[in-house]
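Listing of start_2.txt, compact mmCIF, C-alpha atoms and all ligand atoms
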# COMPACT_ATOMS: atom_id res chain seq x y z
CA MET A 206 -13.85 -18.42 26.84
CA ALA A 207 -16.88 -16.13 26.66
CA ALA A 208 -20.37 -17.09 25.48
CA SER A 209 -20.38 -17.51 21.74
CA VAL A 210 -23.44 -15.61 20.54
CA LEU A 211 -23.96 -12.83 18.03
CA PRO A 212 -24.85 -9.55 19.79
CA SER A 213 -27.56 -7.39 18.19
CA GLU A 214 -25.11 -4.57 17.38
CA VAL A 215 -23.11 -6.80 15.03
CA ARG A 216 -23.82 -5.84 11.41
CA SER A 217 -23.84 -8.03 8.33
CA ASP A 218 -25.03 -5.52 5.74
CA LEU A 219 -21.80 -3.66 5.02
CA SER A 220 -18.98 -4.02 2.54
CA ALA A 221 -15.30 -3.29 3.04
CA ALA A 222 -15.52 -0.87 0.12
CA ALA A 223 -17.91 1.29 2.13
CA LEU A 224 -15.71 1.26 5.22
CA THR A 225 -12.31 1.96 3.67
CA SER A 226 -10.87 5.16 2.25
CA ILE A 227 -9.70 3.54 -0.99
CA GLY A 228 -13.17 2.07 -1.43
CA VAL A 229 -12.43 -1.51 -2.46
CA GLY A 230 -13.34 -4.87 -0.97
CA GLY A 231 -16.31 -7.20 -0.75
CA PRO A 232 -18.91 -7.97 1.92
CA ILE A 233 -18.17 -8.14 5.64
CA ALA A 234 -19.88 -11.12 7.26
CA HIS A 235 -19.88 -9.77 10.83
CA LEU A 236 -18.78 -6.25 11.74
CA TRP A 237 -18.36 -6.45 15.50
CA PRO A 238 -18.04 -3.18 17.44
CA VAL A 239 -15.84 -3.39 20.53
CA GLN A 240 -15.69 -0.99 23.43
CA HIS A 241 -14.27 -3.17 26.23
CA PRO A 242 -11.88 -6.13 26.38
CA GLN A 243 -14.83 -8.48 26.97
CA ASP A 244 -16.43 -7.42 23.64
CA ALA A 245 -13.23 -8.39 21.88
CA ARG A 246 -13.06 -11.71 23.76
CA ASN A 247 -16.65 -12.46 22.71
CA ALA A 248 -15.86 -11.66 19.08
CA LEU A 249 -12.82 -13.95 19.10
CA ALA A 250 -14.78 -16.73 20.80
CA TYR A 251 -17.48 -16.48 18.15
CA ALA A 252 -14.92 -16.68 15.36
CA ARG A 253 -12.95 -19.52 16.94
CA ASP A 254 -16.05 -21.60 17.73
CA ARG A 255 -17.03 -21.47 14.09
CA ASP A 256 -13.55 -21.64 12.64
CA LEU A 257 -13.99 -18.24 11.05
CA PRO A 258 -11.13 -15.89 10.21
CA TRP A 259 -11.07 -12.55 12.02
CA TRP A 260 -9.53 -9.14 11.41
CA VAL A 261 -9.33 -5.75 13.11
CA LEU A 262 -10.54 -2.72 11.21
CA GLY A 263 -10.17 0.83 12.44
CA GLY A 264 -11.17 3.74 10.23
CA GLY A 265 -10.16 1.77 7.12
CA SER A 266 -7.65 4.35 5.88
CA ASN A 267 -4.64 2.08 5.60
CA VAL A 268 -6.04 -1.19 4.30
CA VAL A 269 -6.83 -2.84 1.01
CA ALA A 270 -9.59 -5.40 1.60
CA ALA A 271 -10.06 -8.40 -0.65
CA ASP A 272 -12.69 -8.33 -3.40
CA ALA A 273 -14.01 -11.65 -2.08
CA GLY A 274 -14.82 -9.86 1.15
CA LEU A 275 -14.06 -10.50 4.79
CA LEU A 276 -16.13 -13.58 5.42
CA GLY A 277 -15.55 -13.87 9.12
CA VAL A 278 -15.52 -11.50 12.09
CA VAL A 279 -14.26 -7.95 11.69
CA VAL A 280 -13.59 -6.37 15.06
CA GLN A 281 -13.86 -2.60 15.05
CA PRO A 282 -13.28 -0.29 18.04
CA ALA A 283 -16.51 1.62 18.60
CA LYS A 284 -16.68 5.37 18.84
CA PRO A 285 -17.20 6.13 22.54
CA ALA A 286 -20.35 7.95 23.65
CA GLY A 287 -18.37 10.94 24.99
CA LEU A 288 -15.05 12.43 23.98
CA GLY A 289 -13.16 9.25 24.91
CA VAL A 290 -10.27 11.27 26.38
CA GLU A 291 -9.61 10.94 30.12
CA ILE A 292 -7.03 13.05 31.97
CA LEU A 293 -4.97 10.74 34.20
CA ASP A 294 -2.48 13.24 35.53
CA VAL A 295 -1.65 16.88 35.06
CA SER A 296 1.28 19.06 36.11
CA ASP A 297 2.52 22.52 35.09
CA LYS A 298 4.48 21.00 32.25
CA CYS A 299 2.64 17.92 31.13
CA VAL A 300 -0.73 16.21 30.83
CA LEU A 301 -1.16 12.44 30.70
CA VAL A 302 -4.31 11.33 28.90
CA ARG A 303 -5.91 7.96 28.21
CA VAL A 304 -7.70 7.79 24.87
CA ARG A 305 -10.09 5.07 23.71
CA ALA A 306 -9.20 3.25 20.50
CA GLY A 307 -12.43 4.24 18.72
CA VAL A 308 -11.78 7.99 18.94
CA ALA A 309 -10.98 9.57 15.57
CA TRP A 310 -7.29 10.47 15.58
CA ASP A 311 -7.87 13.96 14.24
CA GLU A 312 -10.48 14.66 16.93
CA LEU A 313 -7.79 13.92 19.51
CA VAL A 314 -5.41 16.31 17.74
CA ALA A 315 -8.07 19.04 17.50
CA HIS A 316 -8.93 18.63 21.18
CA SER A 317 -5.27 18.71 22.23
CA VAL A 318 -4.54 21.82 20.21
CA ALA A 319 -7.62 23.54 21.63
CA GLN A 320 -6.42 22.69 25.16
CA GLY A 321 -2.92 24.03 24.45
CA TRP A 322 -1.38 20.55 24.66
CA GLN A 323 1.68 20.23 22.45
CA GLY A 324 3.07 17.08 20.84
CA ILE A 325 0.74 15.97 18.05
CA GLU A 326 -0.15 19.21 16.23
CA CYS A 327 1.83 18.16 13.12
CA LEU A 328 -0.14 14.91 12.98
CA SER A 329 -3.28 16.92 12.14
CA GLY A 330 -5.47 15.52 9.40
CA ILE A 331 -4.26 11.92 9.49
CA PRO A 332 -7.38 9.81 8.99
CA GLY A 333 -8.29 6.80 11.09
CA GLN A 334 -8.73 5.89 14.72
CA VAL A 335 -6.52 6.42 17.76
CA GLY A 336 -6.27 2.63 18.14
CA ALA A 337 -4.44 2.40 14.83
CA ALA A 338 -1.91 5.15 15.61
CA PRO A 339 0.54 2.74 17.30
CA ILE A 340 0.21 0.08 14.59
CA GLN A 341 2.45 1.77 12.04
CA ASN A 342 3.59 4.52 14.42
CA ILE A 343 1.92 7.25 12.38
CA GLY A 344 4.09 10.16 11.44
CA ALA A 345 4.02 13.35 9.42
CA TYR A 346 5.55 16.82 9.22
CA GLY A 347 8.23 16.17 11.82
CA GLN A 348 6.31 14.28 14.50
CA GLU A 349 5.59 10.62 15.22
CA PHE A 350 3.13 8.93 17.54
CA SER A 351 5.99 7.23 19.41
CA GLU A 352 7.20 10.63 20.70
CA VAL A 353 4.10 11.01 22.89
CA ALA A 354 3.24 7.36 23.54
CA VAL A 355 3.50 6.25 27.17
CA ALA A 356 1.62 2.96 26.96
CA VAL A 357 -0.75 0.97 24.77
CA HIS A 358 -3.66 -1.01 26.24
CA ALA A 359 -4.63 -4.08 24.28
CA LEU A 360 -6.17 -7.51 24.37
CA ASP A 361 -3.56 -10.20 23.80
CA THR A 362 -5.41 -12.52 21.45
CA ARG A 363 -3.28 -15.54 22.42
CA THR A 364 -4.05 -15.41 26.14
CA LEU A 365 -7.19 -13.21 26.01
CA ALA A 366 -5.64 -11.14 28.82
CA SER A 367 -5.77 -7.37 28.93
CA VAL A 368 -2.23 -6.10 28.67
CA ARG A 369 -0.46 -2.80 29.05
CA LEU A 370 2.61 -2.36 26.85
CA GLU A 371 4.94 0.41 27.90
CA SER A 372 6.26 2.48 25.02
CA ALA A 373 9.62 0.66 24.96
CA ALA A 374 7.82 -2.70 24.58
CA CYS A 375 5.97 -1.38 21.52
CA GLN A 376 9.24 -1.42 19.50
CA PHE A 377 8.32 1.71 17.60
CA GLY A 378 10.31 2.41 14.46
CA TYR A 379 9.73 4.11 11.13
CA ARG A 380 6.16 3.03 10.18
CA SER A 381 6.66 0.02 12.39
CA SER A 382 5.89 -1.42 15.80
CA VAL A 383 5.43 -4.73 17.61
CA PHE A 384 1.78 -4.54 16.49
CA LYS A 385 2.72 -4.29 12.85
CA THR A 386 5.26 -7.10 13.01
CA ASN A 387 2.86 -9.38 14.95
CA PRO A 388 -0.35 -8.50 13.17
CA ASP A 389 -2.75 -10.92 14.87
CA GLN A 390 -1.47 -10.72 18.40
CA PHE A 391 -3.04 -7.56 19.79
CA ILE A 392 -6.32 -5.70 19.58
CA VAL A 393 -5.51 -2.17 20.71
CA LEU A 394 -8.23 -0.74 22.96
CA GLY A 395 -6.62 2.46 24.19
CA VAL A 396 -3.46 4.50 24.46
CA ASP A 397 -1.87 6.70 27.12
CA VAL A 398 -0.11 9.74 25.72
CA ALA A 399 1.89 12.51 27.41
CA LEU A 400 1.45 15.99 25.95
CA GLN A 401 3.28 19.14 26.93
CA ARG A 402 1.64 22.24 28.40
CA ASP A 403 4.57 24.65 28.22
CA ARG A 404 6.11 24.06 24.81
CA PRO A 405 5.88 25.93 21.53
CA PRO A 406 4.65 23.98 18.50
CA CYS A 407 6.96 21.73 16.54
CA LEU A 408 8.45 23.47 13.49
CA ALA A 409 10.84 20.67 12.55
CA TYR A 410 9.53 20.27 9.02
CA ALA A 411 10.79 22.78 6.45
CA GLN A 412 7.46 23.16 4.62
CA VAL A 413 5.68 24.04 7.87
CA ARG A 414 8.47 26.43 8.88
CA ASP A 415 8.48 28.12 5.47
CA ALA A 416 4.71 28.53 5.43
CA LEU A 417 4.88 30.26 8.82
CA ALA A 418 8.06 32.25 8.17
CA GLU A 419 6.24 35.57 8.48
CA THR A 420 4.47 34.57 11.71
CA ALA A 421 6.23 35.47 14.95
CA GLN A 422 5.82 32.65 17.47
CA PRO A 423 3.20 30.55 15.67
CA SER A 424 0.54 29.03 17.89
CA LEU A 425 -0.46 25.37 18.01
CA THR A 426 -3.62 26.30 16.10
CA GLN A 427 -1.63 28.04 13.37
CA VAL A 428 0.62 25.00 12.97
CA ARG A 429 -2.42 22.72 12.82
CA GLN A 430 -4.07 24.92 10.18
CA THR A 431 -0.82 25.07 8.19
CA VAL A 432 -0.41 21.30 8.24
CA LEU A 433 -4.04 20.82 7.20
CA ALA A 434 -3.58 23.25 4.29
CA LEU A 435 -0.37 21.52 3.17
CA ARG A 436 -2.11 18.14 3.39
CA ARG A 437 -5.18 19.32 1.46
CA ALA A 438 -2.97 20.57 -1.36
CA LYS A 439 -1.57 17.03 -1.62
CA GLY A 440 -4.93 15.24 -1.41
CA MET A 441 -3.88 13.92 1.99
CA VAL A 442 -7.02 14.91 3.90
CA LEU A 443 -10.05 12.68 3.40
CA ASP A 444 -12.54 14.75 1.43
CA PRO A 445 -15.50 13.38 -0.54
CA ASN A 446 -15.02 16.29 -2.95
CA ASP A 447 -11.39 15.41 -3.63
CA PRO A 448 -11.12 12.28 -5.80
CA ASP A 449 -7.37 12.17 -5.09
CA SER A 450 -8.11 11.38 -1.45
CA ARG A 451 -9.78 8.05 -2.37
CA SER A 452 -6.56 6.34 -1.38
CA CYS A 453 -4.67 4.80 1.52
CA GLY A 454 -2.41 7.84 1.77
CA SER A 455 1.13 6.90 0.79
CA PHE A 456 1.11 3.45 -0.80
CA PHE A 457 4.83 2.84 -0.34
CA VAL A 458 7.11 3.59 2.59
CA ASN A 459 10.37 5.40 2.02
CA PRO A 460 13.02 2.72 1.41
CA VAL A 461 15.92 2.42 3.84
CA VAL A 462 18.96 1.06 2.02
CA PRO A 463 22.71 0.58 2.70
CA ALA A 464 24.70 3.78 2.21
CA GLU A 465 26.54 2.33 -0.84
CA THR A 466 23.23 1.47 -2.54
CA ALA A 467 21.92 4.96 -1.83
CA ALA A 468 25.08 6.53 -3.29
CA ALA A 469 24.83 4.43 -6.47
CA VAL A 470 21.11 5.09 -6.93
CA LEU A 471 21.50 8.82 -6.41
CA ALA A 472 24.54 9.06 -8.70
CA ASP A 473 22.42 7.44 -11.40
CA LEU A 474 19.23 9.45 -10.93
CA VAL A 475 20.17 12.90 -9.66
CA ARG A 476 19.99 15.67 -12.22
CA PRO A 477 22.80 18.25 -12.46
CA GLY A 478 22.51 20.89 -9.75
CA GLU A 479 19.83 18.94 -7.89
CA THR A 480 20.02 17.84 -4.25
CA ALA A 481 18.22 14.54 -3.87
CA PRO A 482 16.25 13.93 -0.68
CA ARG A 483 18.13 11.54 1.59
CA TRP A 484 18.10 11.02 5.34
CA PRO A 485 20.98 9.16 7.07
CA GLN A 486 19.73 6.43 9.41
CA PRO A 487 21.43 4.31 12.07
CA ALA A 488 23.78 1.44 11.14
CA GLY A 489 25.12 3.03 7.97
CA THR A 490 21.80 3.06 6.15
CA VAL A 491 20.07 5.88 4.28
CA LYS A 492 16.36 6.57 3.85
CA LEU A 493 15.46 7.62 0.32
CA SER A 494 12.28 9.35 -0.82
CA ALA A 495 9.94 6.84 -2.49
CA ALA A 496 8.07 9.72 -4.20
CA TRP A 497 11.31 11.10 -5.65
CA LEU A 498 12.35 7.64 -6.89
CA LEU A 499 8.98 7.17 -8.59
CA GLU A 500 9.27 10.52 -10.32
CA ARG A 501 12.82 9.84 -11.47
CA CYS A 502 11.67 6.47 -12.82
CA GLY A 503 9.07 8.23 -14.98
CA LEU A 504 6.11 7.53 -12.71
CA GLY A 505 4.89 11.02 -11.92
CA ARG A 506 1.64 12.39 -10.55
CA GLY A 507 -1.42 11.22 -12.43
CA HIS A 508 0.43 8.22 -13.89
CA GLY A 509 -1.77 5.31 -14.96
CA GLN A 510 -4.77 4.74 -17.11
CA GLY A 511 -8.15 3.37 -16.20
CA ARG A 512 -9.71 3.01 -12.78
CA VAL A 513 -6.50 3.13 -10.74
CA GLY A 514 -3.62 5.57 -10.95
CA LEU A 515 -1.27 7.81 -9.01
CA SER A 516 -2.82 10.86 -7.39
CA THR A 517 -2.60 14.04 -9.42
CA LYS A 518 -1.43 15.81 -6.25
CA HIS A 519 0.92 13.31 -4.59
CA THR A 520 3.10 10.78 -6.37
CA LEU A 521 2.97 8.21 -3.57
CA ALA A 522 -0.80 7.83 -3.35
CA VAL A 523 -2.49 5.11 -5.40
CA VAL A 524 -6.02 6.30 -6.10
CA ASN A 525 -9.23 4.45 -6.86
CA ARG A 526 -10.54 6.71 -9.62
CA GLY A 527 -13.95 5.08 -9.42
CA GLY A 528 -15.21 1.52 -9.47
CA ALA A 529 -11.79 -0.12 -9.06
CA THR A 530 -11.32 -3.53 -7.47
CA ALA A 531 -8.72 -4.55 -4.91
CA ALA A 532 -7.12 -6.72 -7.59
CA GLU A 533 -6.73 -3.69 -9.85
CA VAL A 534 -5.25 -1.59 -7.05
CA LEU A 535 -2.71 -4.29 -6.16
CA ALA A 536 -1.83 -5.04 -9.78
CA PHE A 537 -1.20 -1.34 -10.43
CA ALA A 538 0.89 -0.96 -7.27
CA ASP A 539 2.93 -4.03 -8.27
CA GLU A 540 3.54 -2.55 -11.69
CA VAL A 541 4.83 0.65 -10.10
CA ALA A 542 7.07 -1.19 -7.63
CA GLN A 543 8.46 -3.42 -10.38
CA ALA A 544 9.22 -0.43 -12.59
CA VAL A 545 11.26 1.14 -9.78
CA GLN A 546 13.00 -2.17 -9.06
CA ALA A 547 13.90 -2.59 -12.74
CA ARG A 548 15.10 0.98 -13.19
CA CYS A 549 17.16 1.46 -10.02
CA GLY A 550 17.18 -1.81 -8.08
CA VAL A 551 15.35 -0.45 -5.02
CA THR A 552 12.53 -2.54 -3.54
CA LEU A 553 9.48 -0.53 -2.52
CA LEU A 554 7.49 -1.95 0.37
CA ARG A 555 3.76 -1.44 0.61
CA GLU A 556 2.46 0.68 3.50
CA PRO A 557 -1.23 -0.40 3.62
CA VAL A 558 -2.17 -3.76 5.04
CA LEU A 559 -4.04 -6.39 3.01
CA LEU A 560 -7.15 -7.72 4.73
CA GLY A 561 -8.44 -11.02 3.41
CA THR A 562 -6.94 -12.96 0.55
CA PRO A 563 -5.99 -10.74 -2.34
CA SER A 564 -6.88 -12.22 -5.69
CA LEU A 565 -4.06 -10.76 -7.71
CA GLY A 566 -0.73 -9.01 -7.55
CA ASP A 567 1.17 -9.35 -4.32
CA SER A 568 4.80 -8.85 -5.08
CA ALA A 569 5.28 -5.75 -2.93
CA PRO A 570 5.20 -7.00 0.67
CA THR A 571 3.83 -4.81 3.42
CA ALA A 572 6.51 -2.87 5.28
CA ALA A 573 7.70 -4.30 8.57
CA THR A 574 6.09 -7.72 8.16
C1 LIG B 1 -5.54 10.54 2.79
C2 LIG B 1 -4.67 9.76 3.73
C3 LIG B 1 -3.57 10.36 4.34
C4 LIG B 1 -2.75 9.64 5.22
N1 LIG B 1 -1.69 10.26 5.79
C5 LIG B 1 -0.90 9.58 6.66
C6 LIG B 1 0.23 10.22 7.28
O1 LIG B 1 0.51 11.39 7.05
N2 LIG B 1 0.99 9.48 8.12
C7 LIG B 1 0.70 8.18 8.43
O2 LIG B 1 1.44 7.59 9.22
N3 LIG B 1 -0.35 7.57 7.87
C8 LIG B 1 -1.16 8.22 7.00
N4 LIG B 1 -2.21 7.59 6.41
C9 LIG B 1 -2.46 6.19 6.71
C10 LIG B 1 -3.53 5.95 7.82
O3 LIG B 1 -4.37 7.06 7.96
C11 LIG B 1 -2.90 5.66 9.17
O4 LIG B 1 -2.08 4.53 9.08
C12 LIG B 1 -3.95 5.41 10.26
O5 LIG B 1 -3.34 5.27 11.52
C13 LIG B 1 -4.82 4.20 9.97
O6 LIG B 1 -5.88 4.23 10.88
P1 LIG B 1 -7.21 3.41 10.64
O7 LIG B 1 -8.00 3.51 11.92
O8 LIG B 1 -7.88 3.87 9.42
O9 LIG B 1 -6.65 1.94 10.49
P2 LIG B 1 -7.09 0.83 9.44
O10 LIG B 1 -6.77 1.29 8.09
O11 LIG B 1 -8.49 0.41 9.70
O12 LIG B 1 -6.12 -0.37 9.85
C14 LIG B 1 -4.74 -0.30 9.54
C15 LIG B 1 -4.05 -1.52 10.16
O13 LIG B 1 -4.08 -1.40 11.57
C16 LIG B 1 -4.79 -2.50 12.16
N5 LIG B 1 -5.59 -1.93 13.25
C17 LIG B 1 -6.41 -0.86 13.18
N6 LIG B 1 -6.94 -0.61 14.39
C18 LIG B 1 -6.42 -1.55 15.23
C19 LIG B 1 -6.60 -1.83 16.62
N7 LIG B 1 -7.40 -1.09 17.40
N8 LIG B 1 -5.94 -2.90 17.14
C20 LIG B 1 -5.13 -3.68 16.38
N9 LIG B 1 -4.93 -3.45 15.06
C21 LIG B 1 -5.58 -2.40 14.51
C22 LIG B 1 -5.64 -3.08 11.05
O14 LIG B 1 -5.90 -4.46 11.28
C23 LIG B 1 -4.74 -2.85 9.85
O15 LIG B 1 -3.77 -3.85 9.83
C24 LIG B 1 -3.04 8.28 5.51
C25 LIG B 1 -4.15 7.68 4.89
C26 LIG B 1 -4.95 8.40 4.01
C27 LIG B 1 -6.14 7.75 3.37
The structure given in the file should be rewritten as structure tokens.
Amino acid sequence: MAASVLPSEVRSDLSAAALTSIGVGGPIAHLWPVQHPQDARNALAYARDRDLPWWVLGGGSNVVAADAGLLGVVVQPAKPAGLGVEILDVSDKCVLVRVRAGVAWDELVAHSVAQGWQGIECLSGIPGQVGAAPIQNIGAYGQEFSEVAVAVHALDTRTLASVRLESAACQFGYRSSVFKTNPDQFIVLGVDVALQRDRPPCLAYAQVRDALAETAQPSLTQVRQTVLALRRAKGMVLDPNDPDSRSCGSFFVNPVVPAETAAAVLADLVRPGETAPRWPQPAGTVKLSAAWLLERCGLGRGHGQGRVGLSTKHTLAVVNRGGATAAEVLAFADEVAQAVQARCGVTLLREPVLLGTPSLGDSAPTAAT
């Protein structure tokens, strides 16, 4: 085990509220930047020697941190000095790149689009770091991280060994992975992704296709700009001038239920002439739209009074309207989930991860845990 001392770059003057997009959570005892596996080993040794809890924090866009704070070691991948993107291999068709965990995800997308590399253009505007992309297998507008993932480099916190997990070993699923289901086992330090050099942009998502209907052969840049515009209209791009973006993005994942449950729920809630959103999944299950369920249960945009409520632009985002606590956020989210459960019997699972011990309201478990 490495020497157990506090390096000078470790900070003790920050709060989780300042480092997370939803802006809640108390003080952080030790914010420990990591660049290399040895930094992470040192951080874990420090925590273990003192019997302190530890967590990993990326860009803070998918966590709700406890009001009591994170009174231990918070490991955070550091932004690399350069771009943090290394080309490992290139052919006519494909480029294989290694990206450091501390790179901002959207900087990777912008760089890839500028280089003409296809595969992640629809994931434009997702906040957070590259190191977090595999955790819940980020996805949006017809693409998912797993489609380009070749391998994930991480520190295994049980053995302290550096490991390389091939994509198949990452067990990627809908907002899920081996990292999400084993939350304390890996600290992701980098990813290898394969991007295409000879492919047109992805137009799988109807809203993107419709927005570009008049454009013959849209470019990667046009798709990126379209996705960013669609996201901005929904408060889904972090923007200090948009109070609706003070959130974790979607607070609930779309529920996947047995086909019979889906049929019963839809028969009950669908209005005449309406086609409800539903996506058949493997093993006779159906994915329903959590946003649609909320709306049908009377919980529309802007719902809620006080310091926490639903976004006025996107039903699924729980927003800190100013000065809210983690306890208030979780209590409000519980209320919403319970209302849906009571009205149509569907359990909504929380997408963001709780860091620290929440003081109140915890009936909606995190997805995939
Ligand atoms: C406005 C907004 C829009 C969003 N839109 C989308 C979207 O379209 N699609 C989507 O999938 N998500 C979306 N999100 C959620 C979020 O941006 C993603 O989940 C993102 O990948 C989180 O990255 P982060 O660096 O902020 O992670 P954090 O929020 O800091 O951490 C999230 C979880 O991952 C763990 N973690 C983070 N980094 C590492 C690491 N290096 N090693 C091990 N564990 C780690 C943390 O411990 C925590 O459990 C949105 C969020 C917001 C605020």
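Shortest separation to ligand LIG 1 (chain B) among A:Gln430, A:Thr225, A:Gln486, A:Ser424 occurs at residue A:Thr225, atoms counted being only C-alpha atoms and all ligand atoms.
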**OP:** Mind checking which residues fall within 10 Å of A:Gly511, counting only C-alpha atoms, ignoring those fewer than 3 positions away in the same chain, and posting them as a ChimeraX atom specification?
**Re:** /A:514,525-529,533
List all protein, DNA and RNA residues that have any atom at most 6 Å from ligand LIG 1 (chain B), counting only C-alpha atoms and all ligand atoms, and write the list as a PDB file with C-alpha atoms, in the frame of the given file.
ATOM      1  CA  SER A 226     -10.870   5.160   2.250  1.00  0.00           C
ATOM      2  CA  TRP A 260      -9.530  -9.140  11.410  1.00  0.00           C
ATOM      3  CA  VAL A 261      -9.330  -5.750  13.110  1.00  0.00           C
ATOM      4  CA  LEU A 262     -10.540  -2.720  11.210  1.00  0.00           C
ATOM      5  CA  GLY A 263     -10.170   0.830  12.440  1.00  0.00           C
ATOM      6  CA  GLY A 264     -11.170   3.740  10.230  1.00  0.00           C
ATOM      7  CA  GLY A 265     -10.160   1.770   7.120  1.00  0.00           C
ATOM      8  CA  SER A 266      -7.650   4.350   5.880  1.00  0.00           C
ATOM      9  CA  ASN A 267      -4.640   2.080   5.600  1.00  0.00           C
ATOM     10  CA  VAL A 268      -6.040  -1.190   4.300  1.00  0.00           C
ATOM     11  CA  PRO A 282     -13.280  -0.290  18.040  1.00  0.00           C
ATOM     12  CA  ALA A 306      -9.200   3.250  20.500  1.00  0.00           C
ATOM     13  CA  ILE A 331      -4.260  11.920   9.490  1.00  0.00           C
ATOM     14  CA  PRO A 332      -7.380   9.810   8.990  1.00  0.00           C
ATOM     15  CA  GLY A 333      -8.290   6.800  11.090  1.00  0.00           C
ATOM     16  CA  GLN A 334      -8.730   5.890  14.720  1.00  0.00           C
ATOM     17  CA  GLY A 336      -6.270   2.630  18.140  1.00  0.00           C
ATOM     18  CA  ALA A 337      -4.440   2.400  14.830  1.00  0.00           C
ATOM     19  CA  ALA A 338      -1.910   5.150  15.610  1.00  0.00           C
ATOM     20  CA  ILE A 340       0.210   0.080  14.590  1.00  0.00           C
ATOM     21  CA  ILE A 343       1.920   7.250  12.380  1.00  0.00           C
ATOM     22  CA  GLY A 344       4.090  10.160  11.440  1.00  0.00           C
ATOM     23  CA  ALA A 345       4.020  13.350   9.420  1.00  0.00           C
ATOM     24  CA  PHE A 391      -3.040  -7.560  19.790  1.00  0.00           C
ATOM     25  CA  ILE A 392      -6.320  -5.700  19.580  1.00  0.00           C
ATOM     26  CA  VAL A 393      -5.510  -2.170  20.710  1.00  0.00           C
ATOM     27  CA  LEU A 394      -8.230  -0.740  22.960  1.00  0.00           C
ATOM     28  CA  MET A 441      -3.880  13.920   1.990  1.00  0.00           C
ATOM     29  CA  VAL A 442      -7.020  14.910   3.900  1.00  0.00           C
ATOM     30  CA  LEU A 443     -10.050  12.680   3.400  1.00  0.00           C
ATOM     31  CA  SER A 450      -8.110  11.380  -1.450  1.00  0.00           C
ATOM     32  CA  SER A 452      -6.560   6.340  -1.380  1.00  0.00           C
ATOM     33  CA  CYS A 453      -4.670   4.800   1.520  1.00  0.00           C
ATOM     34  CA  GLY A 454      -2.410   7.840   1.770  1.00  0.00           C
ATOM     35  CA  VAL A 558      -2.170  -3.760   5.040  1.00  0.00           C
TER      36      VAL A 558
END
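Across the structure, atom CA of A:Thr364 and atom CA of A:Pro557 are spaced 27.2 Å apart.
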Subject >> Who sits within 7 Å of A:Ser329, all atoms listed in the file, same chain under 3 positions skipped, as a count of residues only >> reply: 6
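What separates atom CA of A:Pro463 from atom CA of A:Lys385 is a distance of 22.9 Å.
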**OP:** Name the residues, using the chain letters and numbers of the file, that sit within 7 Å of (5.7, -0.9, -2.3) when counting all atoms listed in the file, and give them as a list in words.
**Re:** Phe456, Phe457, Val458, Ala538, Ala542, Leu553, Leu554, Arg555, Glu556, Ala569 and Pro570 of chain A
**OP:** Name the closest residue to A:Gln323 among the candidates A:Leu400, A:Ala245, A:Val269, A:Val383; distances are taken between atoms, counting all atoms listed in the file.
**Re:** A:Leu400
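What separates atom CA of A:Val280 from atom CA of A:Arg216 is a distance of 10.9 Å.
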**OP:** List the neighbours of stretch 234-244 of chain A out to 7 Å using all atoms listed in the file; skip same-chain residues closer than 5 positions along the sequence, and give me the result as JSON, numbers by chain.
**Re:** {"A": [215, 216, 217, 275, 276, 277, 278, 279, 280, 281, 282, 283, 360, 367]}
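Of the residues listed (A:Ala270, A:Leu370, A:Ala468, A:Ala315), A:Ala315 shows the shortest atom-to-atom separation from A:Leu288; distances use all atoms listed in the file.
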**OP:** Write out as a ChimeraX atom specification which residues come within 10 Å of stretch 492-506 of chain A when counting all atoms listed in the file, dropping same-chain ones fewer than 5 positions away.
**Re:** /A:455-464,467,470-471,473-476,481-487,514-523,541-542,544-549,551-554
Subject >> Neighbour list for A:Leu301 as a PyMOL selection string, cut-off 8 Å, only C-alpha atoms, skip fewer than 4 positions in-chain >> reply: chain A and resi 292-295+397-400
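The closest residue to A:Arg363, picked from A:Ala250, A:Leu224, A:Ile233, A:Val304 and counting only C-alpha atoms, is A:Ala250.
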For stretch 366-383 of chain A, write C-alpha atoms out as an mmCIF file, in the first residue's frame.
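Everything below was put into selection04.cif:
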data_model
loop_
_atom_site.group_PDB
_atom_site.id
_atom_site.type_symbol
_atom_site.label_atom_id
_atom_site.label_comp_id
_atom_site.auth_asym_id
_atom_site.auth_seq_id
_atom_site.Cartn_x
_atom_site.Cartn_y
_atom_site.Cartn_z
ATOM 1 C CA ALA A 366 -4.314 -3.407 -9.689
ATOM 2 C CA SER A 367 -4.744 -1.487 -12.918
ATOM 3 C CA VAL A 368 -7.205 -3.391 -15.055
ATOM 4 C CA ARG A 369 -8.445 -3.250 -18.609
ATOM 5 C CA LEU A 370 -12.049 -4.340 -19.092
ATOM 6 C CA GLU A 371 -13.003 -5.179 -22.645
ATOM 7 C CA SER A 372 -16.383 -3.856 -23.684
ATOM 8 C CA ALA A 373 -18.102 -7.240 -23.191
ATOM 9 C CA ALA A 374 -16.838 -7.390 -19.588
ATOM 10 C CA CYS A 375 -18.415 -3.996 -18.871
ATOM 11 C CA GLN A 376 -21.915 -5.551 -19.089
ATOM 12 C CA PHE A 377 -23.395 -2.477 -20.695
ATOM 13 C CA GLY A 378 -27.163 -2.208 -20.681
ATOM 14 C CA TYR A 379 -29.754 0.541 -20.597
ATOM 15 C CA ARG A 380 -28.278 3.093 -18.126
ATOM 16 C CA SER A 381 -26.331 0.253 -16.604
ATOM 17 C CA SER A 382 -22.928 -1.406 -16.501
ATOM 18 C CA VAL A 383 -20.702 -3.501 -14.254
#
